[in-house]
Amino acid sequence: MSVNSHPRVDFTVIASLVEPGSRVLDVGCGDGELLELLQTTKAVDGRGVELSQKGVNESVARGLSVIQGDADSDLKYYPDSGFDYVILSQTLQATRNPKYVLTELLRIGGKAIVSFPNFGHWRVRASLAVNGRMPVTLDLPYSWYDTPNIHFCTINDFVDVTKEIGAHIEAAVALNAMGERLAFNMPWGFWNLFGQQAVFLLRR
Amino acid sequence: MTKAERPTAPNSRHNEATHPHSPVVEFGADKPLQLDSGVQLSPFRIAYQSYGTLNADKSNAILICHALTGDQHVANEHPVTGKPGWWELLVGPGKPIDTDHYFVLCSNVIGGCLGSTGPASINPATGKPYALDLPVITIADMVRAQAMLVDHFGIDQLFAVVGGSMGGMQVLEWASSHSDRVFSAVALATGARHSSQNIAFHEVGRQAIMADPKWNNGRYLDAGALPRKGLSVARMAAHITYLSEAALHRKFGRNLQDRQSVTFGFDADFQIESYLRHQGTTFVDRFDANSYLYMTRAMDYFDLAAEHNGRLADAFAGTKTRFCIVSFTSDWLFPTSESRTVAHALNAAGAFVSFVEIESDRGHDSFLLDEPEMFSAINGFIRSAARARGLAI
């Protein structure tokens with residue numbers, strides 16, 4: 001089992017966007033916590049890809065169908081429309097080529113669910129503005145030189161890239177630092193300032 | 001027709017070939033084995049071991065496929081060497097493949113030398129050992145014979161087929177050519193084809209055997225003198241490929257064998273030399289030289305993609321089998337890239353596939369050793385497959 005007794009808050013949001021019984025590919029599935037949640041609560045036919053050996057082994061030991069692989073290089077092996085949903089949770093910022101990965105997600109799945117930490121959050125902006133150094137916060141604990149997160153973006157940046165790749169935003173959720181949902185009718189700029197995490201449901 | 005027998009001949013390799021310490025199923029003229037080479041093998045027989053109990057609806061059977069120099073003695077004392085079964089770490093009561101819950105079956109492959117029809121078996125046409133008159137055997141031929149044994153037990157679908165190395169090739173062949181008979185498949189330290197380098201090592205082994213004057217064009221059993229030296233050298237060369245440079249160095253380094261300094265001669269000065277010589281000579285006691293030729297050839301010929309117009313994914317098109325593919329970081333005989341190729345092909349076929357690379361410095365042989373991460377992966381995979389199959393485990 002996971003070290004957390006409660007599922008990560010973005011996992012709950014992601015699960016709420018998934019239709020029961022669908023085929024799901026989780027790219028960067030970690031130790032398989034989200035896939036297990038989706039299997040238990042949504043009866044999905046779930047598969048995972050994970051870069052770390054430790055994550056893969058833990059997932060397989062949970063009885064999940066997970067393969068060791070890299071979002072940047074291995075998505076090309078998946079056939080078109082093989083899945084209903086392809087999920088990329090907290091992984092986009094760690095890919096070498098986020099735009100390509102997003103394109104691949106929507107080739108493989110009819111829909112893509114992407115969650116990421118919002119680099120436009122006021123705390124990040126304040127940290128950079130006040131300290132003049134790359135932000136290190138509780139949620140983004142790495143120093144600039146050892147971070148796996150090489151491609152941070154803000155909610156506004158993400159909205160722009162969805163337009164560039166011709167994706168449609170079917171739903172979007174922003175969570176504040178307390179893990180609470182921000183009101184859905186606020187403008188992107190408000191979300192970009194107060195959303196610590198964002199979850200987007202995209203379709204082709 | 002079929003009959004089972006438990007012979008009681010004294011222990012020796014040759015006697016195990018003709019009078020094995022295993023139950024044997026005989027397939028008569030009415031049940032020939034169709035071989036890839038185009039000929040039929042008939043009559044033929046399969047020696048096997050089984051553990052655990054087949055349940056009422058025959059849904060709990062696990063077939064273990066053994067490797068090149070393995071045999072059916074998975075979880076019992078070996079009749080020739082007296083050593084424990086070769087996979088007792090994985091198979092047994094309370095083990096990841098739990099014989100309290102599953103009916104575990106392992107047969108000596110066709111072409112082998114522990115009781116199934118092979119080059120050391122008596123050719124009914126001549127009354128003498130087949131030697132090289134036995135047709136060349138392929139991985140698919142081995143699997144076809146195993147399927148006939150599974151039929152003999154009245155099992156429609158195997159709950160799992162499990163194997164490493166050459167056994168893993170059989171697993172992939174089972175899943176490809178008998179897809180509906182395989183609920184789940186575990187393939188360890190293997191690949192969908194034998195690489196050029198692997199064929200090269202096998203050829204060295206074969207040439208070592210054939211260069212031994214006692215090999216006698218394969219008819220050494222008639223002459224009564226075995227090509228011990230040739231087979232021993234073949235084993236020594238192959239054994240190096242089963243280990244890793246790191247593991248060899250950790251175990252032996254440049255340590256000298258029972259001496260303080262080098263002898264300026266060609267005796268086994270180094271521990272590694274002594275170790276390899278021991279591996280070679282003990283192997284000869286339990287394995288048949290001609291069988292080694294047939295086994296290595298079967299692996300060399302294996303190329304699952306080639307049988308499907310070069311597209312490996314097509315070998316698994318429409319499969320419902322659940323797959324677990326396992327590789328080891330230090331395995332340079334079947335490196336992780338070979339397993340990854342299989343995993344990608346299974347993905348492309350939309351298969352249910354898990355792929356785990358285990359960190360180990362013990363080389364290709366890791367799959368036979370105490371590797372807790374491997375056991376936990378197999379355990380998790382088998383348990384989830386059992387749930388999916390509706391087995392109350």
# chains A, B, ... in the order shown; residues from 1 in each chain; ligands from 1

call {"tool": "interface_residues", "arguments": {"of": "chain B", "to": "chain A", "cutoff": "9 Å", "atoms": "only C-alpha atoms", "output": "PyMOL selection string"}}
result
chain B and resi 322-325+340+343-345+347-350+352-359+373-374+376-385

call {"tool": "select_by_dssp", "arguments": {"residues": "stretch 140-218 of chain B", "states": "alpha helix (DSSP H)", "output": "ChimeraX atom specification"}}
result
/B:140-152,166-177,196-211

call {"tool": "write_last_selection", "arguments": {"atoms": "C-alpha atoms", "output": "short mmCIF file (atom, residue, chain, number, x, y, z; two decimals), in the first residue's frame"}}
result
data_model
loop_
_atom_site.label_atom_id
_atom_site.label_comp_id
_atom_site.auth_asym_id
_atom_site.auth_seq_id
_atom_site.Cartn_x
_atom_site.Cartn_y
_atom_site.Cartn_z
CA ALA B 140 7.71 -24.50 -31.47
CA ASP B 141 8.18 -28.30 -31.67
CA MET B 142 8.91 -28.40 -27.92
CA VAL B 143 5.76 -26.40 -27.27
CA ARG B 144 3.67 -28.58 -29.59
CA ALA B 145 4.79 -31.63 -27.62
CA GLN B 146 4.01 -29.91 -24.32
CA ALA B 147 0.54 -29.08 -25.62
CA MET B 148 -0.02 -32.79 -26.25
CA LEU B 149 1.03 -33.51 -22.67
CA VAL B 150 -1.39 -30.82 -21.44
CA ASP B 151 -4.10 -32.50 -23.55
CA HIS B 152 -3.19 -35.79 -21.89
CA MET B 166 15.10 -20.98 -23.44
CA GLY B 167 12.12 -21.58 -21.15
CA GLY B 168 11.10 -17.97 -21.75
CA MET B 169 11.24 -18.57 -25.50
CA GLN B 170 8.81 -21.46 -25.00
CA VAL B 171 6.57 -19.16 -22.95
CA LEU B 172 6.45 -16.61 -25.78
CA GLU B 173 5.85 -19.38 -28.32
CA TRP B 174 3.01 -20.78 -26.20
CA ALA B 175 1.43 -17.33 -25.91
CA SER B 176 1.79 -16.76 -29.64
CA SER B 177 0.74 -20.08 -31.15
CA SER B 196 23.83 -13.09 -33.70
CA GLN B 197 26.15 -12.97 -30.69
CA ASN B 198 24.14 -15.70 -28.96
CA ILE B 199 24.27 -17.90 -32.05
CA ALA B 200 28.01 -17.30 -32.17
CA PHE B 201 28.52 -18.54 -28.61
CA HIS B 202 26.38 -21.59 -29.33
CA GLU B 203 28.42 -22.37 -32.42
CA VAL B 204 31.60 -22.31 -30.34
CA GLY B 205 30.02 -24.86 -28.01
CA ARG B 206 28.89 -27.11 -30.83
CA GLN B 207 32.27 -26.99 -32.52
CA ALA B 208 33.96 -27.91 -29.22
CA ILE B 209 31.76 -31.01 -28.99
CA MET B 210 32.25 -32.00 -32.62
CA ALA B 211 36.02 -31.45 -32.39
#

call {"tool": "closest_residue", "arguments": {"among": "A:Ala171, A:Phe184, A:Leu140, A:Asp26", "to": "A:Ser127", "atoms": "only C-alpha atoms"}}
result
A:Leu140

call {"tool": "residues_around", "arguments": {"residues": "A:Leu193", "least_positions_apart": "5", "cutoff": "8 Å", "atoms": "only C-alpha atoms", "output": "PyMOL selection string"}}
result
chain A and resi 120-122

call {"tool": "closest_residue", "arguments": {"among": "A:Thr137, A:Ala43, A:Ala15, A:Gln90", "to": "A:Gly30", "atoms": "only C-alpha atoms"}}
result
A:Gln90

call {"tool": "select_by_dssp", "arguments": {"residues": "stretch 179-271 of chain B", "states": "strand (DSSP E or B)", "output": "list in words"}}
result
Val182, Phe183, Ser184, Ala185, Val186, Ala187, Leu188, Arg193, Leu256 and Phe270 of chain B

call {"tool": "atom_distance", "arguments": {"atom1": "atom CA of B:Ala75", "atom2": "atom CA of B:Leu105"}}
result
10.4 Å

call {"tool": "residues_around", "arguments": {"residues": "A:Gly166", "least_positions_apart": "3", "cutoff": "10 Å", "atoms": "only C-alpha atoms", "output": "list in words"}}
result
Thr103, Asp160, Val161, Thr162, Lys163, Ile169, Arg203 and Arg204 of chain A

call {"tool": "write_last_selection", "arguments": {"atoms": "N, CA and C atoms", "output": "CSV table (one decimal), in the first residue's frame"}}
result
chain,number,residue,atom,x,y,z
A,103,THR,N,1.0,15.7,-27.6
A,103,THR,CA,0.4,15.2,-28.9
A,103,THR,C,0.3,13.7,-28.9
A,160,ASP,N,-2.1,27.8,-23.6
A,160,ASP,CA,-1.5,28.2,-24.9
A,160,ASP,C,-1.1,26.9,-25.7
A,161,VAL,N,-0.4,26.0,-25.0
A,161,VAL,CA,0.1,24.8,-25.8
A,161,VAL,C,-1.0,23.9,-26.2
A,162,THR,N,-2.1,23.9,-25.5
A,162,THR,CA,-3.2,23.0,-26.0
A,162,THR,C,-3.8,23.6,-27.3
A,163,LYS,N,-3.8,24.9,-27.4
A,163,LYS,CA,-4.2,25.6,-28.6
A,163,LYS,C,-3.3,25.2,-29.8
A,169,ILE,N,-10.1,21.7,-24.6
A,169,ILE,CA,-10.2,21.6,-23.1
A,169,ILE,C,-11.6,21.2,-22.8
A,203,ARG,N,-9.4,16.7,-25.1
A,203,ARG,CA,-9.8,15.8,-26.2
A,203,ARG,C,-9.2,16.3,-27.5
A,204,ARG,N,-9.2,15.4,-28.5
A,204,ARG,CA,-8.6,15.7,-29.8
A,204,ARG,C,-9.4,16.9,-30.4

call {"tool": "residues_around", "arguments": {"residues": "B:Leu132", "least_positions_apart": "3", "cutoff": "12 Å", "atoms": "only C-alpha atoms", "output": "count of residues only"}}
result
26

call {"tool": "residues_around", "arguments": {"residues": "A:Ala198", "least_positions_apart": "6", "cutoff": "7 Å", "atoms": "only C-alpha atoms", "output": "JSON, numbers by chain"}}
result
{"A": [115, 116, 117, 118, 173, 174, 175]}

call {"tool": "closest_residue", "arguments": {"among": "B:Ala225, B:Cys65, B:Ala192, B:Gly82", "to": "B:Ala305", "atoms": "only C-alpha atoms"}}
result
B:Ala192

call {"tool": "closest_residue", "arguments": {"among": "A:Asn97, A:Asn149, A:Gln197, A:Ser73", "to": "A:Ala172", "atoms": "only C-alpha atoms"}}
result
A:Gln197

call {"tool": "residues_around", "arguments": {"residues": "A:Arg8", "least_positions_apart": "5", "cutoff": "10 Å", "atoms": "only C-alpha atoms", "output": "number ranges by chain"}}
result
A: 13, 33-34, 179
